[in-house]
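S.K.: Data: start14.txt, compact mmCIF, C-alpha atoms and all ligand atoms.
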# COMPACT_ATOMS: atom_id res chain seq x y z
CA MET A 1 120.28 165.99 58.19
CA LYS A 2 122.47 164.19 60.66
CA THR A 3 119.75 161.96 62.06
CA TYR A 4 121.86 158.81 61.78
CA GLY A 5 125.14 157.96 63.47
CA ARG A 6 126.55 156.29 60.39
CA PHE A 7 129.27 153.71 59.93
CA PRO A 8 131.98 154.56 57.38
CA LEU A 9 130.51 152.18 54.82
CA ALA A 10 128.71 152.68 51.49
CA LEU A 11 126.91 149.65 50.07
CA GLU A 12 126.10 149.49 46.39
CA ARG A 13 125.21 145.92 45.42
CA GLY A 14 123.68 142.80 46.96
CA GLN A 15 122.90 139.18 46.21
CA GLY A 16 121.14 136.85 48.62
CA SER A 17 122.64 137.41 52.09
CA ARG A 18 125.73 139.18 50.73
CA VAL A 19 126.36 142.85 49.98
CA TRP A 20 129.31 144.68 48.43
CA ASP A 21 130.62 148.16 49.26
CA THR A 22 131.77 150.80 46.79
CA ASP A 23 135.33 149.40 46.97
CA GLY A 24 134.06 145.95 45.94
CA ARG A 25 134.51 144.43 49.41
CA GLU A 26 132.02 141.68 50.32
CA TYR A 27 130.06 141.45 53.58
CA LEU A 28 127.64 138.92 54.99
CA ASP A 29 124.51 140.96 55.69
CA PHE A 30 123.14 139.89 59.07
CA VAL A 31 121.31 143.21 59.35
CA ALA A 32 119.10 142.90 56.24
CA GLY A 33 118.01 146.55 56.45
CA ILE A 34 117.15 145.78 60.10
CA ALA A 35 115.03 142.65 59.76
CA THR A 36 113.52 143.88 56.51
CA CYS A 37 115.01 142.10 53.48
CA THR A 38 112.97 138.91 53.89
CA LEU A 39 114.17 137.35 50.62
CA GLY A 40 117.62 138.90 50.80
CA HIS A 41 118.99 141.03 47.98
CA GLY A 42 118.28 140.70 44.26
CA HIS A 43 115.86 137.79 44.69
CA PRO A 44 114.37 136.84 41.29
CA VAL A 45 110.84 136.85 42.73
CA MET A 46 111.25 140.49 43.76
CA VAL A 47 112.94 141.51 40.51
CA GLU A 48 110.07 139.97 38.57
CA ALA A 49 107.31 141.41 40.79
CA VAL A 50 108.81 144.92 40.76
CA THR A 51 109.29 144.83 36.97
CA GLN A 52 105.83 143.50 36.21
CA GLN A 53 103.97 145.81 38.53
CA ILE A 54 105.76 149.00 37.43
CA GLN A 55 104.90 148.15 33.82
CA LYS A 56 101.26 147.46 34.63
CA LEU A 57 100.23 150.17 37.13
CA HIS A 58 102.21 151.62 40.01
CA HIS A 59 100.02 154.17 41.76
CA VAL A 60 96.40 155.21 41.87
CA SER A 61 94.34 156.81 44.61
CA ASN A 62 92.62 154.78 47.29
CA LEU A 63 89.44 156.42 46.03
CA TYR A 64 89.38 153.48 43.59
CA TYR A 65 89.47 149.77 44.33
CA ILE A 66 93.03 148.40 44.02
CA PRO A 67 93.01 144.69 43.09
CA GLU A 68 96.59 144.05 44.35
CA GLN A 69 95.65 145.61 47.69
CA GLY A 70 92.61 143.37 47.92
CA GLU A 71 94.73 140.32 47.11
CA LEU A 72 97.34 141.20 49.73
CA ALA A 73 94.63 141.85 52.32
CA HIS A 74 93.13 138.49 51.42
CA TRP A 75 96.50 136.71 51.77
CA LEU A 76 97.21 138.36 55.11
CA THR A 77 93.80 137.62 56.57
CA GLN A 78 93.92 134.01 55.29
CA HIS A 79 97.33 133.58 56.96
CA SER A 80 96.65 135.29 60.30
CA CYS A 81 94.01 135.75 62.98
CA ALA A 82 92.93 139.08 61.42
CA ASP A 83 89.85 139.78 59.30
CA LYS A 84 90.64 143.30 58.09
CA ALA A 85 93.65 145.26 56.88
CA PHE A 86 94.63 148.92 56.44
CA PHE A 87 97.77 149.70 54.44
CA CYS A 88 100.31 152.43 55.03
CA ASN A 89 104.04 152.93 54.46
CA SER A 90 105.95 152.13 57.65
CA GLY A 91 105.90 150.54 61.06
CA ALA A 92 105.29 153.81 62.86
CA GLU A 93 102.31 154.53 60.63
CA ALA A 94 100.90 151.05 61.18
CA ASN A 95 101.11 151.61 64.94
CA GLU A 96 99.57 155.08 64.55
CA ALA A 97 96.65 153.45 62.76
CA ALA A 98 96.34 150.89 65.56
CA ILE A 99 96.38 153.64 68.18
CA LYS A 100 93.68 155.59 66.34
CA LEU A 101 91.55 152.48 65.90
CA ALA A 102 91.86 151.56 69.59
CA ARG A 103 90.98 155.11 70.64
CA LYS A 104 87.91 155.23 68.40
CA TYR A 105 86.87 151.78 69.64
CA ALA A 106 87.14 153.02 73.24
CA HIS A 107 85.03 156.08 72.44
CA VAL A 108 82.26 154.45 70.42
CA LYS A 109 82.10 150.94 71.91
CA ARG A 110 83.04 151.51 75.55
CA ASP A 111 82.13 155.17 76.10
CA ILE A 112 85.61 156.00 77.39
CA GLU A 113 86.21 159.74 77.27
CA PHE A 114 89.98 159.76 77.78
CA PRO A 115 91.35 156.43 76.50
CA ILE A 116 94.68 155.28 77.87
CA ILE A 117 97.03 152.86 76.14
CA LEU A 118 99.49 150.85 78.21
CA THR A 119 102.89 150.05 76.71
CA ALA A 120 106.03 148.41 78.07
CA ASN A 121 109.31 149.78 79.33
CA ALA A 122 112.14 149.18 76.83
CA SER A 123 109.61 148.91 73.99
CA PHE A 124 109.98 150.44 70.55
CA HIS A 125 107.03 151.50 68.43
CA GLY A 126 108.36 154.18 66.06
CA ARG A 127 109.41 157.82 65.74
CA THR A 128 106.22 159.79 65.06
CA LEU A 129 105.01 161.77 68.06
CA ALA A 130 102.37 159.23 69.11
CA THR A 131 104.57 156.18 68.52
CA VAL A 132 107.62 157.74 70.18
CA THR A 133 105.34 158.43 73.15
CA ALA A 134 104.22 154.79 73.06
CA THR A 135 107.90 153.80 73.02
CA GLY A 136 108.85 153.17 76.64
CA GLN A 137 112.41 154.54 76.35
CA PRO A 138 113.12 158.10 77.54
CA LYS A 139 116.18 158.40 75.24
CA TYR A 140 113.90 158.53 72.17
CA GLN A 141 111.57 161.11 73.77
CA LYS A 142 114.11 163.59 75.13
CA ASN A 143 113.58 167.14 73.78
CA PHE A 144 110.38 166.25 71.92
CA ASN A 145 107.80 167.12 74.53
CA PRO A 146 105.00 167.93 74.84
CA LEU A 147 104.39 164.27 74.09
CA VAL A 148 101.01 162.83 73.13
CA PRO A 149 98.76 162.29 76.16
CA GLY A 150 97.11 158.96 76.95
CA PHE A 151 100.05 156.57 77.39
CA HIS A 152 101.22 154.78 80.53
CA TYR A 153 104.16 152.39 80.90
CA VAL A 154 104.53 149.05 82.66
CA PRO A 155 107.46 146.64 83.00
CA TYR A 156 107.56 143.98 80.24
CA ASN A 157 106.79 140.35 81.11
CA ASP A 158 105.46 141.35 84.56
CA PHE A 159 101.78 140.51 84.88
CA ALA A 160 101.39 141.62 88.50
CA ALA A 161 102.60 145.11 87.55
CA LEU A 162 100.24 145.25 84.57
CA GLN A 163 97.30 144.10 86.64
CA ALA A 164 98.07 146.72 89.29
CA ALA A 165 98.31 149.47 86.64
CA VAL A 166 94.96 148.50 85.11
CA ALA A 167 93.32 148.29 88.54
CA GLU A 168 94.57 151.76 89.42
CA LEU A 169 93.69 153.42 86.11
CA ASP A 170 90.29 151.74 85.87
CA GLY A 171 89.52 152.39 89.56
CA ASP A 172 86.55 154.79 89.27
CA ARG A 173 85.54 154.04 85.67
CA PRO A 174 87.20 152.24 82.75
CA GLN A 175 89.94 154.24 81.05
CA VAL A 176 92.35 151.63 79.67
CA ALA A 177 91.54 151.23 75.98
CA ALA A 178 94.38 148.97 74.92
CA ILE A 179 97.60 147.24 75.84
CA LEU A 180 100.29 147.57 73.15
CA LEU A 181 103.20 145.11 73.31
CA GLU A 182 105.87 143.54 71.12
CA PRO A 183 105.80 139.71 71.10
CA LEU A 184 109.60 139.99 71.39
CA GLN A 185 111.22 143.35 72.09
CA GLY A 186 113.57 143.97 69.17
CA GLU A 187 115.21 147.38 69.62
CA GLY A 188 114.92 146.96 73.39
CA GLY A 189 117.44 144.10 73.36
CA VAL A 190 116.01 141.02 71.58
CA ASN A 191 113.95 140.21 74.65
CA PRO A 192 111.40 137.43 73.98
CA GLY A 193 107.92 137.68 75.46
CA ASP A 194 107.03 135.19 78.16
CA ARG A 195 104.30 132.75 77.10
CA GLU A 196 102.54 132.66 80.45
CA TYR A 197 102.63 136.46 80.72
CA PHE A 198 101.03 136.93 77.32
CA GLN A 199 98.34 134.36 78.11
CA GLN A 200 97.53 136.23 81.31
CA VAL A 201 97.42 139.52 79.40
CA ARG A 202 95.06 137.95 76.86
CA GLN A 203 92.79 136.74 79.66
CA LEU A 204 92.78 140.16 81.30
CA CYS A 205 91.78 141.73 77.99
CA ASP A 206 89.01 139.17 77.49
CA ASP A 207 87.70 139.84 80.99
CA THR A 208 87.73 143.65 80.70
CA GLY A 209 87.17 144.54 77.04
CA ILE A 210 90.63 146.10 76.78
CA LEU A 211 92.08 145.57 73.29
CA LEU A 212 95.36 143.70 72.90
CA ILE A 213 97.52 145.29 70.19
CA LEU A 214 100.71 143.51 69.18
CA ASP A 215 103.49 145.30 67.36
CA GLU A 216 104.65 142.71 64.83
CA VAL A 217 106.70 145.23 62.84
CA GLN A 218 110.04 143.54 63.51
CA VAL A 219 109.04 139.95 64.26
CA GLY A 220 106.15 139.40 61.83
CA VAL A 221 106.31 137.80 58.37
CA GLY A 222 108.33 134.74 59.29
CA ARG A 223 111.24 136.30 61.19
CA THR A 224 110.69 134.10 64.28
CA GLY A 225 110.18 130.84 62.38
CA LYS A 226 106.41 131.28 62.62
CA LEU A 227 104.56 133.62 60.31
CA TRP A 228 103.60 135.91 63.23
CA GLY A 229 105.36 136.53 66.52
CA TYR A 230 102.17 135.89 68.49
CA GLU A 231 102.18 132.25 67.35
CA ASN A 232 105.16 131.73 69.68
CA LEU A 233 103.00 132.85 72.60
CA GLY A 234 99.87 130.77 72.07
CA ILE A 235 97.55 133.79 71.88
CA GLU A 236 95.89 136.01 69.29
CA PRO A 237 95.83 139.82 69.38
CA ASP A 238 92.79 141.95 68.56
CA ILE A 239 94.92 144.27 66.45
CA PHE A 240 98.46 143.96 65.11
CA SER A 241 100.87 145.97 63.01
CA SER A 242 103.30 144.77 60.36
CA ALA A 243 105.91 146.53 58.24
CA LYS A 244 109.65 145.78 58.03
CA GLY A 245 109.69 142.31 56.45
CA LEU A 246 106.29 142.58 54.79
CA GLY A 247 107.52 143.97 51.48
CA GLY A 248 110.99 142.44 51.64
CA GLY A 249 112.45 145.98 51.54
CA ILE A 250 109.94 148.04 49.60
CA PRO A 251 108.16 150.49 51.94
CA ILE A 252 104.86 149.10 53.18
CA GLY A 253 103.09 148.88 56.50
CA ALA A 254 99.81 147.29 57.52
CA MET A 255 97.48 147.46 60.48
CA LEU A 256 95.36 144.34 60.81
CA CYS A 257 92.50 143.59 63.15
CA LYS A 258 89.72 141.20 63.96
CA ALA A 259 86.28 142.08 62.60
CA HIS A 260 84.87 143.10 65.99
CA CYS A 261 87.47 145.92 66.35
CA ASP A 262 86.88 147.50 62.97
CA VAL A 263 85.09 150.74 63.85
CA PHE A 264 86.65 152.79 61.04
CA GLU A 265 84.34 154.47 58.55
CA PRO A 266 85.11 156.32 55.31
CA GLY A 267 87.06 159.47 56.17
CA ASP A 268 88.46 158.22 59.50
CA HIS A 269 91.95 157.37 58.30
CA ALA A 270 93.94 157.50 55.05
CA SER A 271 97.35 157.42 53.40
CA THR A 272 98.14 158.69 49.90
CA PHE A 273 100.76 156.05 49.13
CA GLY A 274 99.35 153.41 51.46
CA GLY A 275 98.53 150.15 49.73
CA ASN A 276 99.25 151.30 46.19
CA PRO A 277 99.42 148.69 43.40
CA PHE A 278 103.23 148.73 43.33
CA VAL A 279 103.93 147.96 46.99
CA CYS A 280 101.02 145.55 47.32
CA GLY A 281 101.97 143.62 44.19
CA VAL A 282 105.54 143.23 45.44
CA ALA A 283 104.57 142.44 49.05
CA LEU A 284 102.15 139.77 47.83
CA ALA A 285 104.93 138.16 45.78
CA VAL A 286 107.24 138.23 48.83
CA CYS A 287 104.61 136.65 51.09
CA GLN A 288 103.77 133.95 48.53
CA ALA A 289 107.46 133.14 48.02
CA LEU A 290 107.92 132.84 51.79
CA MET A 291 105.41 129.99 51.86
CA ARG A 292 106.21 128.44 48.46
CA GLU A 293 109.94 128.23 49.24
CA ARG A 294 109.22 126.86 52.74
CA LEU A 295 111.26 129.60 54.33
CA LEU A 296 109.75 129.15 57.80
CA GLU A 297 111.53 125.77 57.97
CA ASN A 298 114.76 127.45 56.93
CA VAL A 299 114.28 130.14 59.58
CA GLN A 300 113.80 127.50 62.29
CA ALA A 301 116.79 125.36 61.25
CA ARG A 302 119.20 128.25 60.57
CA GLY A 303 118.01 129.96 63.74
CA GLU A 304 118.87 126.94 65.85
CA GLU A 305 122.32 126.69 64.29
CA LEU A 306 122.91 130.39 64.82
CA ARG A 307 121.77 130.34 68.45
CA ALA A 308 123.90 127.25 69.17
CA GLY A 309 126.93 129.05 67.70
CA LEU A 310 126.19 132.23 69.64
CA ALA A 311 125.78 130.27 72.87
CA ALA A 312 129.18 128.63 72.23
CA ILE A 313 130.76 132.06 71.67
CA ALA A 314 129.17 133.32 74.89
CA GLN A 315 130.60 130.33 76.75
CA ALA A 316 134.05 130.90 75.26
CA TYR A 317 134.03 134.50 76.53
CA PRO A 318 132.16 134.32 79.86
CA GLN A 319 133.73 137.58 81.08
CA LEU A 320 132.09 139.37 78.10
CA PHE A 321 128.77 137.60 77.49
CA SER A 322 125.95 136.27 79.61
CA GLY A 323 124.40 134.24 76.76
CA ALA A 324 122.36 134.27 73.55
CA ARG A 325 118.61 134.60 73.09
CA GLY A 326 115.99 134.97 70.40
CA TRP A 327 113.49 133.19 68.18
CA GLY A 328 114.07 131.95 64.65
CA LEU A 329 116.28 134.46 62.84
CA ILE A 330 116.07 137.29 65.35
CA ASN A 331 118.83 136.64 67.85
CA GLY A 332 120.95 138.57 70.30
CA LEU A 333 124.35 137.98 71.85
CA VAL A 334 124.01 139.49 75.31
CA LEU A 335 126.87 141.30 77.03
CA GLN A 336 127.50 141.02 80.75
CA PRO A 337 126.25 144.09 82.66
CA ASP A 338 129.84 144.90 83.68
CA ALA A 339 131.47 143.98 80.34
CA SER A 340 134.39 146.18 79.31
CA VAL A 341 132.98 146.67 75.79
CA LYS A 342 129.68 147.80 74.31
CA SER A 343 127.67 146.19 71.50
CA ILE A 344 128.80 148.91 69.09
CA ASP A 345 132.47 147.90 69.58
CA ILE A 346 131.65 144.36 68.49
CA VAL A 347 129.55 145.61 65.58
CA LYS A 348 132.51 147.70 64.33
CA ALA A 349 134.98 144.83 64.73
CA ALA A 350 132.58 142.48 62.89
CA MET A 351 132.40 144.93 60.00
CA GLU A 352 136.20 144.74 59.73
CA GLN A 353 135.81 140.96 59.44
CA GLY A 354 133.19 141.24 56.70
CA LEU A 355 130.07 140.70 58.79
CA LEU A 356 127.27 143.22 59.26
CA VAL A 357 125.39 143.02 62.58
CA VAL A 358 123.50 145.71 64.49
CA PRO A 359 123.25 146.72 68.17
CA ALA A 360 119.95 146.35 70.01
CA GLY A 361 120.81 148.79 72.77
CA PRO A 362 124.27 149.08 74.37
CA SER A 363 124.46 145.50 75.63
CA VAL A 364 123.05 143.30 72.86
CA VAL A 365 124.50 142.44 69.43
CA ARG A 366 121.55 141.65 67.15
CA LEU A 367 121.68 139.24 64.19
CA VAL A 368 118.75 139.41 61.77
CA PRO A 369 119.85 137.91 58.42
CA PRO A 370 117.58 137.47 55.41
CA LEU A 371 115.25 134.49 55.82
CA VAL A 372 116.97 132.82 52.83
CA VAL A 373 120.33 132.63 54.65
CA THR A 374 122.10 129.29 54.11
CA ALA A 375 123.73 126.92 56.63
CA ASP A 376 127.18 127.77 55.18
CA GLU A 377 126.54 131.47 55.56
CA VAL A 378 125.50 130.99 59.20
CA GLN A 379 128.78 129.16 59.92
CA THR A 380 130.83 131.79 58.08
CA ALA A 381 129.07 134.55 60.01
CA LEU A 382 129.79 132.79 63.32
CA ALA A 383 133.48 132.38 62.41
CA ARG A 384 133.75 136.06 61.44
CA LEU A 385 131.95 137.13 64.62
CA LYS A 386 134.28 135.02 66.75
CA GLN A 387 137.32 136.57 65.07
CA ALA A 388 135.86 140.04 65.61
CA ILE A 389 135.35 139.33 69.32
CA GLN A 390 138.90 138.01 69.58
CA ASP A 391 140.09 141.28 67.96
CA VAL A 392 138.12 143.30 70.52
CA VAL A 393 139.55 141.26 73.41
CA ASP A 394 143.13 141.61 72.06
C1 LIG B 401 111.20 149.35 63.31
C2 LIG B 401 110.07 149.25 64.26
C3 LIG B 401 109.02 150.19 64.26
C4 LIG B 401 109.05 151.42 63.38
O1 LIG B 401 108.99 151.11 62.04
P1 LIG B 401 109.33 152.24 60.95
O2 LIG B 401 109.04 151.57 59.65
O3 LIG B 401 110.77 152.60 61.14
O4 LIG B 401 108.44 153.38 61.22
C5 LIG B 401 107.95 149.98 65.12
N1 LIG B 401 107.90 148.92 65.93
C6 LIG B 401 108.88 148.00 65.96
C7 LIG B 401 108.76 146.82 66.87
C8 LIG B 401 110.01 148.14 65.14
O5 LIG B 401 110.99 147.24 65.19
Give the structure from this file in structure tokens form.
Ligand SMILES: *Cc1c(COP(=O)(O)O)cnc(C)c1O
M.R.:
Amino acid sequence: MKTYGRFPLALERGQGSRVWDTDGREYLDFVAGIATCTLGHGHPVMVEAVTQQIQKLHHVSNLYYIPEQGELAHWLTQHSCADKAFFCNSGAEANEAAIKLARKYAHVKRDIEFPIILTANASFHGRTLATVTATGQPKYQKNFNPLVPGFHYVPYNDFAALQAAVAELDGDRPQVAAILLEPLQGEGGVNPGDREYFQQVRQLCDDTGILLILDEVQVGVGRTGKLWGYENLGIEPDIFSSAKGLGGGIPIGAMLCKAHCDVFEPGDHASTFGGNPFVCGVALAVCQALMRERLLENVQARGEELRAGLAAIAQAYPQLFSGARGWGLINGLVLQPDASVKSIDIVKAAMEQGLLVVPAGPSVVRLVPPLVVTADEVQTALARLKQAIQDVVD
């Protein structure tokens, strides 16, 4: 079905941060399957993990204990603020699980009959009916109503507005079950969360019993130079979701939470493929490699080089760009509101120059390379991007 507006490009091979199309042309891949290929393409750790696990055992039902799933859950809880994990297959599903958990928590722990979840304008949480409803962007919801009830929207990074919304909704009796936010809005334009805002949100949640859910699907697993996006904000969520980078490109999602939120009982939630030996074995190898190969340091250093280069490009074309922003290796080059071009025009021109980048809305060009990207590749990407912008201007 024509659900994707595709570029005229067919990729067939990859190595590290490079991919080749069916005509043998090479591209620097600063999309990485949209912030997904943590270790890049063809990484020996992934080749080995995939090969070993498929030979050993690839799928059994969750009716039986799955050692690889237990090991991955152990790794994730050892390396985050969470105590518990549920595994599924995608970001949307991880957020669905978080929404269900928060609703059940509201029912059984706080006696809320009609739980409401607050989300932010310009957010992105997925494409299932509940997560597209949680997504605070009408363009994704158009023609899909009736949407799922129980969601309200607030402006991002605006504590006064959030406080007012909670006060209004909780006026007669508590109704707000959870606040669901991205630490940095990815699809919404690479818009980093404000530290003070998130600390105020955390305090509000502590004071009221409202659960704080963070959507770490795009920024988790090292993308920001910290293992989790929330570490940039100096707070801990009650529940968070992970997916994209977690398996380095094999389909896996996870919903993690602190012990006090875990109200699920056998039969409450399930996924046939979720957490099978294959995906968990590979995801565990990816996570271990991330730490063993000290990739967080690489993300920080390469990220700074990339942002410096993007800021220089923005300065060289002040009529086009207002600046660059991001954390670690999730960065955006931001177009002026009245710029004569859109992000897609720059993305197409970059492709001509042998660089893959992706829009984050009409006014932001997003760069999310594999976390193994080298300093040379960052400089080459910047040179190709600059040439592409010059082509667009000419
Ligand atoms: C990509 C994304 C999702 C959806 O993940 P899928 O695996 O496509 O379902 C949810 N939240 C955020 C922040 C994302 O970037």
S.K.: Name the residues in contact with range 18-33 of chain A at a cut-off of 9 Å, using all atoms listed in the file, excluding same-chain residues fewer than 2 positions from it; report them as a VMD selection string.
M.R.: chain A and resid 9 to 16 35 to 38 40 to 41 244 249 351 353 to 358 366 to 370 373 377 380 to 381
S.K.: Considering all atoms listed in the file, tabulate each residue of range 165-209 of chain A that lies at most 9 Å from range 108-116 of chain A along with its nearest interatomic pair and the corresponding distance in Å to one decimal; arrange the rows by chain and ascending residue number and present them as CSV.
M.R.:
residue,atom,partner,partner_atom,distance
A:Leu169,CA,A:Ile116,CA,8.5
A:Arg173,CA,A:Ile112,CA,8.5
A:Pro174,CA,A:Ile112,CA,6.7
A:Gln175,CA,A:Pro115,CA,5.2
A:Val176,CA,A:Ile116,CA,4.7
A:Ala177,CA,A:Pro115,CA,5.2
A:Ala178,CA,A:Ile116,CA,7.0
A:Ile179,CA,A:Ile116,CA,8.8
A:Gly209,CA,A:Arg110,CA,8.2
S.K.: Which residues of chain A come within 10 Å of ligand LIG 401 (chain B), and for each one, what is the closest pair of atoms and their distance in Å to one decimal, counting only C-alpha atoms and all ligand atoms, sorted by chain and residue number, as a Markdown table?
M.R.:
| residue | atom | partner | partner_atom | distance |
| --- | --- | --- | --- | --- |
| A:Ile34 | CA | B:LIG401 | C1 | 7.6 |
| A:Ala35 | CA | B:LIG401 | O5 | 8.2 |
| A:Thr36 | CA | B:LIG401 | C1 | 9.0 |
| A:Cys88 | CA | B:LIG401 | O2 | 9.9 |
| A:Asn89 | CA | B:LIG401 | O2 | 7.3 |
| A:Ser90 | CA | B:LIG401 | O2 | 3.7 |
| A:Gly91 | CA | B:LIG401 | O1 | 3.3 |
| A:Ala92 | CA | B:LIG401 | O4 | 3.6 |
| A:Glu93 | CA | B:LIG401 | O4 | 6.3 |
| A:Ala94 | CA | B:LIG401 | O4 | 7.9 |
| A:Asn95 | CA | B:LIG401 | C5 | 7.0 |
| A:Glu96 | CA | B:LIG401 | O4 | 9.6 |
| A:Ser123 | CA | B:LIG401 | C7 | 7.5 |
| A:Phe124 | CA | B:LIG401 | N1 | 5.3 |
| A:His125 | CA | B:LIG401 | N1 | 3.7 |
| A:Gly126 | CA | B:LIG401 | C4 | 3.9 |
| A:Arg127 | CA | B:LIG401 | O4 | 6.4 |
| A:Thr128 | CA | B:LIG401 | O4 | 7.8 |
| A:Thr131 | CA | B:LIG401 | C5 | 7.8 |
| A:Val132 | CA | B:LIG401 | C5 | 9.3 |
| A:Ala134 | CA | B:LIG401 | N1 | 9.9 |
| A:Thr135 | CA | B:LIG401 | N1 | 8.6 |
| A:Leu181 | CA | B:LIG401 | C7 | 8.7 |
| A:Glu182 | CA | B:LIG401 | C7 | 6.1 |
| A:Pro183 | CA | B:LIG401 | C7 | 8.8 |
| A:Leu184 | CA | B:LIG401 | C7 | 8.2 |
| A:Gln185 | CA | B:LIG401 | C7 | 6.7 |
| A:Gly186 | CA | B:LIG401 | O5 | 5.8 |
| A:Glu187 | CA | B:LIG401 | O5 | 6.1 |
| A:Gly188 | CA | B:LIG401 | C7 | 9.0 |
| A:Leu214 | CA | B:LIG401 | C7 | 9.0 |
| A:Asp215 | CA | B:LIG401 | C7 | 5.5 |
| A:Glu216 | CA | B:LIG401 | C7 | 6.2 |
| A:Val217 | CA | B:LIG401 | C6 | 4.7 |
| A:Gln218 | CA | B:LIG401 | O5 | 4.2 |
| A:Val219 | CA | B:LIG401 | C7 | 7.4 |
| A:Gly220 | CA | B:LIG401 | C7 | 9.3 |
| A:Ser241 | CA | B:LIG401 | N1 | 8.2 |
| A:Ser242 | CA | B:LIG401 | N1 | 8.3 |
| A:Ala243 | CA | B:LIG401 | O2 | 6.1 |
| A:Lys244 | CA | B:LIG401 | O2 | 6.0 |
| A:Gly245 | CA | B:LIG401 | O2 | 9.8 |
| A:Pro251 | CA | B:LIG401 | O2 | 7.8 |
| A:Ile252 | CA | B:LIG401 | O2 | 8.1 |
| A:Gly253 | CA | B:LIG401 | O2 | 7.2 |
S.K.: So, counting all atoms listed in the file, which residue among A:Leu246, A:Arg302, A:Phe86, A:Arg294 is closest to Gly274 in chain A?
M.R.: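 Checking each of A:Leu246, A:Arg302, A:Phe86, A:Arg294 against Gly274 in chain A, counting all atoms listed in the file, the winner is A:Phe86.
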S.K.: Mind checking which residues fall within 8 Å of Val148 in chain A, counting all atoms listed in the file, ignoring those fewer than 2 positions away in the same chain, and posting them as number ranges by chain?
M.R.: A: 129-130, 133, 146, 150-151
S.K.: Can you tell me how far CA of Glu71 in chain A sits from CA of Leu256 in chain A, in Å to one decimal?
M.R.: 14.3 Å
S.K.: Any chance you could work out the axis-aligned box around range 311-324 of chain A, listed atoms only, 8 Å on each side, giving centre and edge lengths in Å to one decimal, as AutoDock Vina command-line options?
M.R.:
--center_x 128.2 --center_y 134.0 --center_z 76.4 --size_x 27.7 --size_y 26.7 --size_z 25.4
S.K.: To one decimal place in Å, what is the distance between CA of Pro237 in chain A and CA of Cys205 in chain A?
M.R.: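 It comes out at 9.7 Å.
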S.K.: Using Å and a single decimal, report how far CA of Thr374 in chain A sits from CA of Gln315 in chain A.
M.R.: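 One can read the CA of Gln315 in chain A to CA of Thr374 in chain A distance as 24.2 Å.
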S.K.: Would you fill out range 201-213 of chain A with N, CA and C atoms and return it as a JSON list (two decimals), keeping the file's coordinate frame?
M.R.:
[["chain", "number", "residue", "atom", "x", "y", "z"],
["A", 201, "VAL", "N", 97.83, 138.23, 79.97],
["A", 201, "VAL", "CA", 97.42, 139.52, 79.40],
["A", 201, "VAL", "C", 96.17, 139.32, 78.53],
["A", 202, "ARG", "N", 96.21, 138.26, 77.72],
["A", 202, "ARG", "CA", 95.06, 137.95, 76.86],
["A", 202, "ARG", "C", 93.80, 137.75, 77.69],
["A", 203, "GLN", "N", 93.94, 137.01, 78.78],
["A", 203, "GLN", "CA", 92.79, 136.74, 79.66],
["A", 203, "GLN", "C", 92.26, 138.02, 80.27],
["A", 204, "LEU", "N", 93.17, 138.87, 80.73],
["A", 204, "LEU", "CA", 92.78, 140.16, 81.30],
["A", 204, "LEU", "C", 91.99, 140.98, 80.28],
["A", 205, "CYS", "N", 92.47, 140.98, 79.05],
["A", 205, "CYS", "CA", 91.78, 141.73, 77.99],
["A", 205, "CYS", "C", 90.39, 141.14, 77.73],
["A", 206, "ASP", "N", 90.31, 139.82, 77.69],
["A", 206, "ASP", "CA", 89.01, 139.17, 77.49],
["A", 206, "ASP", "C", 88.04, 139.53, 78.61],
["A", 207, "ASP", "N", 88.55, 139.58, 79.83],
["A", 207, "ASP", "CA", 87.70, 139.84, 80.99],
["A", 207, "ASP", "C", 87.22, 141.29, 81.04],
["A", 208, "THR", "N", 88.01, 142.22, 80.50],
["A", 208, "THR", "CA", 87.73, 143.65, 80.70],
["A", 208, "THR", "C", 87.24, 144.37, 79.45],
["A", 209, "GLY", "N", 87.51, 143.81, 78.28],
["A", 209, "GLY", "CA", 87.17, 144.54, 77.04],
["A", 209, "GLY", "C", 88.31, 145.41, 76.53],
["A", 210, "ILE", "N", 89.43, 145.39, 77.25],
["A", 210, "ILE", "CA", 90.63, 146.10, 76.78],
["A", 210, "ILE", "C", 91.15, 145.40, 75.53],
["A", 211, "LEU", "N", 91.57, 146.17, 74.52],
["A", 211, "LEU", "CA", 92.08, 145.57, 73.29],
["A", 211, "LEU", "C", 93.56, 145.23, 73.45],
["A", 212, "LEU", "N", 93.94, 144.08, 72.91],
["A", 212, "LEU", "CA", 95.36, 143.70, 72.90],
["A", 212, "LEU", "C", 95.92, 143.99, 71.50],
["A", 213, "ILE", "N", 96.86, 144.93, 71.46],
["A", 213, "ILE", "CA", 97.52, 145.29, 70.19],
["A", 213, "ILE", "C", 98.94, 144.73, 70.24]]
